[in-house]
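> Structure provided below as structure tokens; questions to follow.
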Amino acid sequence: MIQVVVTESYDASCAYVADMICKLVNEKPACKLGLATGGTPVPMYKKLIEANKAGKVDFSAVHTVNLDEYCGIPGTHDQSYRYFMDTNLFDHINIDKANTYVAQGMGDAEANAAELEAKVYEGGVADLQLLGIGNNGHIAFNEASDTLHATAHIEKLTESTINANARFFERKEDVPTTAITMGMGDILAAKCVVLIATGLAKTDAIRGLVMSDEITTHNPSTMLKMHPNAVVVIDKELADAVGYKG
Ligand code: PGA
């Protein structure tokens, strides 16, 4: 079941989710967080950094697992998701980096996917899984398609995703064309799933997610409707665009 939260602004959405995470960590200091990359969570991560620096939350016992990683670039590459997590969050909070996991982009891709799959369940599933959403409704890199995968696997990125992510690279040709990603079952296994979305490019994807009870592999996010504790946080601008009235 999806709980939709409509906020006044994107900043308010980020504050809402940052508060949820701080509350969870305060209640369960050794919790496990599933984390996401992309443009959307960056201001939310800034709020976590501020809260940590202000002494309002302690990440020293937290474990994390990230949703996905590009294939073919090392963790030192400035567009890798390991680099993203280090620079946007981990380097600025008191987390033990040994307790953070981002799949490896280099080496044996199948072995790396198997390692990610094991990390999803190691020590128990995530207490909270953070998600963004692609313009095509993808979550992690589970792309809109006739079929989806349950477990961690290698995904060929769609043109829509490559175009959307080209803004982070010098040239579109530099965007990796494959990625390692958690599967749908891995995401649905988390105890709570929290998706943040903003911007009108997400209108169709969010409409499919919050305006009907239909589930389709052509909008992978719709599978979250089967989760008992899924929260979708959108701002008023996006809610108005999809026609969501509450
Ligand atoms: P974005 O990406 O936050 O950069 O829009 C979200 C996603 O592709 O999941």
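Residues are referred to by chain and number: the chain letter is A, B, ... according to the order shown in the structure tokens, the number counts from 1 in that chain, and ligands are numbered separately from 1 in the order shown.
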Counting only C-alpha atoms and all ligand atoms, what are the residues of chain A within 10 Å of ligand 1, and for each of them which pair of atoms is the nearest and at what distance in Å, to one decimal? Sort the table by chain and rising number, as JSON lines.

{"residue": "A:Ala36", "atom": "CA", "partner": "ligand 1", "partner_atom_place_in_ligand_line": "9 (O)", "distance": 7.7}
{"residue": "A:Thr37", "atom": "CA", "partner": "ligand 1", "partner_atom_place_in_ligand_line": "3 (O)", "distance": 6.8}
{"residue": "A:Gly38", "atom": "CA", "partner": "ligand 1", "partner_atom_place_in_ligand_line": "4 (O)", "distance": 3.6}
{"residue": "A:Gly39", "atom": "CA", "partner": "ligand 1", "partner_atom_place_in_ligand_line": "4 (O)", "distance": 3.7}
{"residue": "A:Thr40", "atom": "CA", "partner": "ligand 1", "partner_atom_place_in_ligand_line": "3 (O)", "distance": 3.6}
{"residue": "A:Pro41", "atom": "CA", "partner": "ligand 1", "partner_atom_place_in_ligand_line": "3 (O)", "distance": 6.4}
{"residue": "A:Val42", "atom": "CA", "partner": "ligand 1", "partner_atom_place_in_ligand_line": "3 (O)", "distance": 8.3}
{"residue": "A:Leu67", "atom": "CA", "partner": "ligand 1", "partner_atom_place_in_ligand_line": "9 (O)", "distance": 9.7}
{"residue": "A:Asp68", "atom": "CA", "partner": "ligand 1", "partner_atom_place_in_ligand_line": "9 (O)", "distance": 10.0}
{"residue": "A:Leu131", "atom": "CA", "partner": "ligand 1", "partner_atom_place_in_ligand_line": "9 (O)", "distance": 6.7}
{"residue": "A:Gly132", "atom": "CA", "partner": "ligand 1", "partner_atom_place_in_ligand_line": "9 (O)", "distance": 4.1}
{"residue": "A:Ile133", "atom": "CA", "partner": "ligand 1", "partner_atom_place_in_ligand_line": "9 (O)", "distance": 3.8}
{"residue": "A:Gly134", "atom": "CA", "partner": "ligand 1", "partner_atom_place_in_ligand_line": "8 (O)", "distance": 3.8}
{"residue": "A:Asn135", "atom": "CA", "partner": "ligand 1", "partner_atom_place_in_ligand_line": "8 (O)", "distance": 7.0}
{"residue": "A:Asn136", "atom": "CA", "partner": "ligand 1", "partner_atom_place_in_ligand_line": "8 (O)", "distance": 8.6}
{"residue": "A:Gly137", "atom": "CA", "partner": "ligand 1", "partner_atom_place_in_ligand_line": "9 (O)", "distance": 8.1}
{"residue": "A:His138", "atom": "CA", "partner": "ligand 1", "partner_atom_place_in_ligand_line": "9 (O)", "distance": 6.3}
{"residue": "A:Ile139", "atom": "CA", "partner": "ligand 1", "partner_atom_place_in_ligand_line": "9 (O)", "distance": 5.4}
{"residue": "A:Ala140", "atom": "CA", "partner": "ligand 1", "partner_atom_place_in_ligand_line": "9 (O)", "distance": 5.6}
{"residue": "A:Phe141", "atom": "CA", "partner": "ligand 1", "partner_atom_place_in_ligand_line": "9 (O)", "distance": 7.2}
{"residue": "A:Asn142", "atom": "CA", "partner": "ligand 1", "partner_atom_place_in_ligand_line": "9 (O)", "distance": 9.3}
{"residue": "A:Glu143", "atom": "CA", "partner": "ligand 1", "partner_atom_place_in_ligand_line": "8 (O)", "distance": 9.7}
{"residue": "A:Ser160", "atom": "CA", "partner": "ligand 1", "partner_atom_place_in_ligand_line": "8 (O)", "distance": 9.8}
{"residue": "A:Thr161", "atom": "CA", "partner": "ligand 1", "partner_atom_place_in_ligand_line": "8 (O)", "distance": 6.9}
{"residue": "A:Ile162", "atom": "CA", "partner": "ligand 1", "partner_atom_place_in_ligand_line": "8 (O)", "distance": 9.7}
{"residue": "A:Ala164", "atom": "CA", "partner": "ligand 1", "partner_atom_place_in_ligand_line": "4 (O)", "distance": 7.4}
{"residue": "A:Asn165", "atom": "CA", "partner": "ligand 1", "partner_atom_place_in_ligand_line": "4 (O)", "distance": 6.9}
{"residue": "A:Arg167", "atom": "CA", "partner": "ligand 1", "partner_atom_place_in_ligand_line": "4 (O)", "distance": 9.2}
{"residue": "A:Phe168", "atom": "CA", "partner": "ligand 1", "partner_atom_place_in_ligand_line": "4 (O)", "distance": 9.0}
{"residue": "A:Leu195", "atom": "CA", "partner": "ligand 1", "partner_atom_place_in_ligand_line": "9 (O)", "distance": 9.3}
{"residue": "A:Ile196", "atom": "CA", "partner": "ligand 1", "partner_atom_place_in_ligand_line": "3 (O)", "distance": 8.3}
{"residue": "A:Ala197", "atom": "CA", "partner": "ligand 1", "partner_atom_place_in_ligand_line": "3 (O)", "distance": 7.3}
{"residue": "A:Thr198", "atom": "CA", "partner": "ligand 1", "partner_atom_place_in_ligand_line": "5 (O)", "distance": 7.8}
{"residue": "A:Gly199", "atom": "CA", "partner": "ligand 1", "partner_atom_place_in_ligand_line": "5 (O)", "distance": 8.2}
{"residue": "A:Ala201", "atom": "CA", "partner": "ligand 1", "partner_atom_place_in_ligand_line": "5 (O)", "distance": 8.5}
{"residue": "A:Lys202", "atom": "CA", "partner": "ligand 1", "partner_atom_place_in_ligand_line": "5 (O)", "distance": 8.0}
{"residue": "A:Ser221", "atom": "CA", "partner": "ligand 1", "partner_atom_place_in_ligand_line": "9 (O)", "distance": 9.9}
> Just to be explicit: take each residue in the selection above, keep N, CA and C atoms, and write the result as a compact mmCIF listing (two decimals), in the first residue's frame.

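Dumped to again_28.txt:
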# COMPACT_ATOMS: atom_id res chain seq x y z
N ALA A 36 20.23 5.56 -2.03
CA ALA A 36 20.03 5.80 -3.46
C ALA A 36 20.91 6.96 -3.91
N THR A 37 21.20 6.98 -5.20
CA THR A 37 21.97 8.10 -5.77
C THR A 37 21.04 8.88 -6.70
N GLY A 38 21.61 9.69 -7.59
CA GLY A 38 20.81 10.54 -8.48
C GLY A 38 20.75 11.95 -7.91
N GLY A 39 20.19 12.85 -8.69
CA GLY A 39 20.12 14.24 -8.25
C GLY A 39 19.17 14.44 -7.09
N THR A 40 18.07 13.71 -7.08
CA THR A 40 16.98 13.98 -6.13
C THR A 40 17.40 13.93 -4.65
N PRO A 41 18.12 12.91 -4.19
CA PRO A 41 18.39 12.85 -2.74
C PRO A 41 19.50 13.77 -2.25
N VAL A 42 20.19 14.48 -3.14
CA VAL A 42 21.36 15.26 -2.70
C VAL A 42 21.02 16.26 -1.59
N LEU A 67 21.61 0.90 -3.81
CA LEU A 67 20.78 0.20 -4.80
C LEU A 67 21.55 -0.33 -5.99
N ASP A 68 22.54 0.44 -6.46
CA ASP A 68 23.08 0.10 -7.78
C ASP A 68 24.44 0.75 -8.01
N LEU A 131 14.46 5.60 -2.19
CA LEU A 131 14.38 5.45 -3.65
C LEU A 131 14.17 6.80 -4.32
N GLY A 132 14.73 6.94 -5.52
CA GLY A 132 14.28 7.96 -6.46
C GLY A 132 13.44 7.23 -7.49
N ILE A 133 13.10 7.91 -8.55
CA ILE A 133 12.34 7.27 -9.63
C ILE A 133 12.81 7.85 -10.96
N GLY A 134 12.95 7.00 -11.96
CA GLY A 134 13.35 7.49 -13.29
C GLY A 134 12.15 8.09 -14.01
N ASN A 135 12.44 8.86 -15.06
CA ASN A 135 11.35 9.43 -15.86
C ASN A 135 10.48 8.32 -16.44
N ASN A 136 11.05 7.14 -16.64
CA ASN A 136 10.31 5.99 -17.18
C ASN A 136 9.77 5.08 -16.08
N GLY A 137 9.83 5.53 -14.84
CA GLY A 137 9.30 4.74 -13.73
C GLY A 137 10.28 3.73 -13.16
N HIS A 138 11.54 3.74 -13.65
CA HIS A 138 12.48 2.77 -13.08
C HIS A 138 12.74 3.07 -11.61
N ILE A 139 12.99 2.02 -10.83
CA ILE A 139 13.50 2.20 -9.47
C ILE A 139 14.77 1.38 -9.38
N ALA A 140 15.78 1.94 -8.69
CA ALA A 140 17.16 1.51 -8.89
C ALA A 140 17.34 1.51 -10.41
N PHE A 141 18.01 0.51 -11.00
CA PHE A 141 18.11 0.49 -12.47
C PHE A 141 17.20 -0.58 -13.05
N ASN A 142 16.11 -0.89 -12.38
CA ASN A 142 15.14 -1.84 -12.96
C ASN A 142 14.33 -1.07 -13.99
N GLU A 143 14.69 -1.25 -15.25
CA GLU A 143 14.12 -0.44 -16.33
C GLU A 143 12.76 -0.95 -16.77
N SER A 160 16.19 6.32 -22.45
CA SER A 160 15.61 7.35 -21.57
C SER A 160 16.53 7.59 -20.37
N THR A 161 17.04 6.51 -19.78
CA THR A 161 17.92 6.65 -18.61
C THR A 161 19.27 7.24 -19.00
N ILE A 162 19.80 6.77 -20.13
CA ILE A 162 21.10 7.30 -20.58
C ILE A 162 20.97 8.80 -20.86
N ALA A 164 18.77 10.86 -19.52
CA ALA A 164 18.56 11.58 -18.25
C ALA A 164 19.87 11.73 -17.49
N ASN A 165 20.74 10.72 -17.56
CA ASN A 165 21.97 10.75 -16.77
C ASN A 165 23.14 11.41 -17.51
N ARG A 167 23.50 14.34 -18.22
CA ARG A 167 23.83 15.65 -17.64
C ARG A 167 24.98 15.57 -16.64
N PHE A 168 25.24 14.39 -16.12
CA PHE A 168 26.32 14.26 -15.14
C PHE A 168 27.68 13.97 -15.80
N LEU A 195 10.15 6.78 -1.24
CA LEU A 195 10.52 7.29 -2.57
C LEU A 195 10.31 8.80 -2.58
N ILE A 196 11.34 9.54 -3.02
CA ILE A 196 11.18 11.00 -3.19
C ILE A 196 11.17 11.28 -4.68
N ALA A 197 10.26 12.14 -5.11
CA ALA A 197 10.25 12.57 -6.50
C ALA A 197 9.94 14.05 -6.57
N THR A 198 10.55 14.71 -7.54
CA THR A 198 10.27 16.12 -7.81
C THR A 198 10.49 16.37 -9.29
N GLY A 199 9.86 17.41 -9.81
CA GLY A 199 10.10 17.81 -11.20
C GLY A 199 9.08 17.21 -12.15
N ALA A 201 9.30 16.18 -15.12
CA ALA A 201 9.72 15.03 -15.94
C ALA A 201 9.24 13.72 -15.32
N LYS A 202 8.89 13.76 -14.04
CA LYS A 202 8.46 12.53 -13.33
C LYS A 202 6.93 12.37 -13.34
N SER A 221 8.00 1.17 -10.79
CA SER A 221 7.66 1.71 -9.47
C SER A 221 6.30 1.23 -9.00
> Can you build me a table of range 107-191 of chain A residues sitting at most 6 Å from range 213-219 of chain A, with the closest atom pair per residue and its distance in Å to one decimal, using only C-alpha atoms, sorted by chain and residue number, as a Markdown table?

| residue | atom | partner | partner_atom | distance |
| --- | --- | --- | --- | --- |
| A:Gly137 | CA | A:Asn219 | CA | 4.6 |
| A:Ala144 | CA | A:His218 | CA | 4.3 |
| A:Ser145 | CA | A:His218 | CA | 5.1 |
| A:Asp146 | CA | A:Thr217 | CA | 5.9 |
> Pull N, CA, C and O atoms from the residues just selected and write them as a short mmCIF file (atom, residue, chain, number, x, y, z; two decimals), in the first residue's frame.

data_model
loop_
_atom_site.label_atom_id
_atom_site.label_comp_id
_atom_site.auth_asym_id
_atom_site.auth_seq_id
_atom_site.Cartn_x
_atom_site.Cartn_y
_atom_site.Cartn_z
N GLY A 137 9.83 5.53 -14.84
CA GLY A 137 9.30 4.74 -13.73
C GLY A 137 10.28 3.73 -13.16
O GLY A 137 9.92 2.95 -12.28
N ALA A 144 11.92 -0.02 -17.22
CA ALA A 144 10.61 -0.36 -17.76
C ALA A 144 10.78 -1.34 -18.93
O ALA A 144 11.56 -1.09 -19.84
N SER A 145 10.05 -2.45 -18.88
CA SER A 145 10.27 -3.52 -19.85
C SER A 145 9.14 -4.55 -19.72
O SER A 145 8.34 -4.47 -18.80
N ASP A 146 9.11 -5.55 -20.61
CA ASP A 146 8.09 -6.60 -20.49
C ASP A 146 8.32 -7.49 -19.27
O ASP A 146 7.39 -8.11 -18.77
#
> I'd like to know which residues of range 74-245 of chain A are alpha helix (DSSP H) (by DSSP, run on the backbone); could you write them as a ChimeraX atom specification?
/A:81-88,109-121,159-165,184-188,203-210,236-242
> Taking 3 positions as the minimum chain separation for residues in the same chain, which residues sit within 10 Å of Val17 in chain A when counting only C-alpha atoms? Answer as a list in words.
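After dropping sequence-adjacent residues, the list is Ala12, Ser13, Cys14, Met20, Ile21, Cys22, Lys23, Pro41, Met44, Tyr45, Lys47, Leu48, Leu130, Val194, Leu195, Ile196, Val231, Val232 and Val233 of chain A.
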> Write the residues of the selection above to a file with C-alpha atoms, as a PDB file, in the first residue's frame.

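What landed in selection_15.pdb:
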ATOM      1  CA  ALA A  12      10.219  20.330   2.455  1.00  0.00           C
ATOM      2  CA  SER A  13      10.163  16.821   0.906  1.00  0.00           C
ATOM      3  CA  CYS A  14      13.870  16.467   1.626  1.00  0.00           C
ATOM      4  CA  MET A  20      12.273  10.017   8.976  1.00  0.00           C
ATOM      5  CA  ILE A  21      15.830   8.746   8.675  1.00  0.00           C
ATOM      6  CA  CYS A  22      17.035  10.631  11.764  1.00  0.00           C
ATOM      7  CA  LYS A  23      14.107   9.277  13.795  1.00  0.00           C
ATOM      8  CA  PRO A  41      18.389  12.854  -2.737  1.00  0.00           C
ATOM      9  CA  MET A  44      18.244  15.365   1.673  1.00  0.00           C
ATOM     10  CA  TYR A  45      21.758  14.031   2.279  1.00  0.00           C
ATOM     11  CA  LYS A  47      20.214  17.743   5.767  1.00  0.00           C
ATOM     12  CA  LEU A  48      21.502  14.468   7.239  1.00  0.00           C
ATOM     13  CA  LEU A 130      15.378   5.173   0.025  1.00  0.00           C
ATOM     14  CA  VAL A 194      10.546   5.769   0.910  1.00  0.00           C
ATOM     15  CA  LEU A 195      10.522   7.291  -2.565  1.00  0.00           C
ATOM     16  CA  ILE A 196      11.182  10.997  -3.192  1.00  0.00           C
ATOM     17  CA  VAL A 231       5.808   6.108   1.380  1.00  0.00           C
ATOM     18  CA  VAL A 232       5.924   8.378  -1.677  1.00  0.00           C
ATOM     19  CA  VAL A 233       6.964  11.950  -0.926  1.00  0.00           C
TER      20      VAL A 233
END
> Any chance you could list, as number ranges by chain, the residues in range 97-199 of chain A that come up strand (DSSP E) when DSSP is run on the backbone?
A: 100-101, 128-131, 153-156, 178-181, 193-197
> Report, in Å to a single decimal, how far apart CA of Ala30 in chain A and CA of Val57 in chain A are.
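Between CA of Val57 in chain A and CA of Ala30 in chain A the gap works out to 12.0 Å.
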> Measuring atom to atom with only C-alpha atoms, identify which of A:Asp108, A:Asp240, A:Glu173, A:Asp11 is nearest to Met211 in chain A.
A:Asp240
> Nearest residue to Ser60 in chain A out of A:Val125, A:Ile180, A:Val6, A:Ile93, using only C-alpha atoms?
A:Ile93
> Nearest to Ile49 in chain A: which of A:Glu8, A:Asp78, A:Glu69, A:Asp91 is it, counting only C-alpha atoms?
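The shortest atom-to-atom distance to Ile49 in chain A comes from A:Asp91.
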> Would you work out the distance separating CA of His149 in chain A from CA of Tyr70 in chain A, expressed in Å to one decimal?
17.2 Å
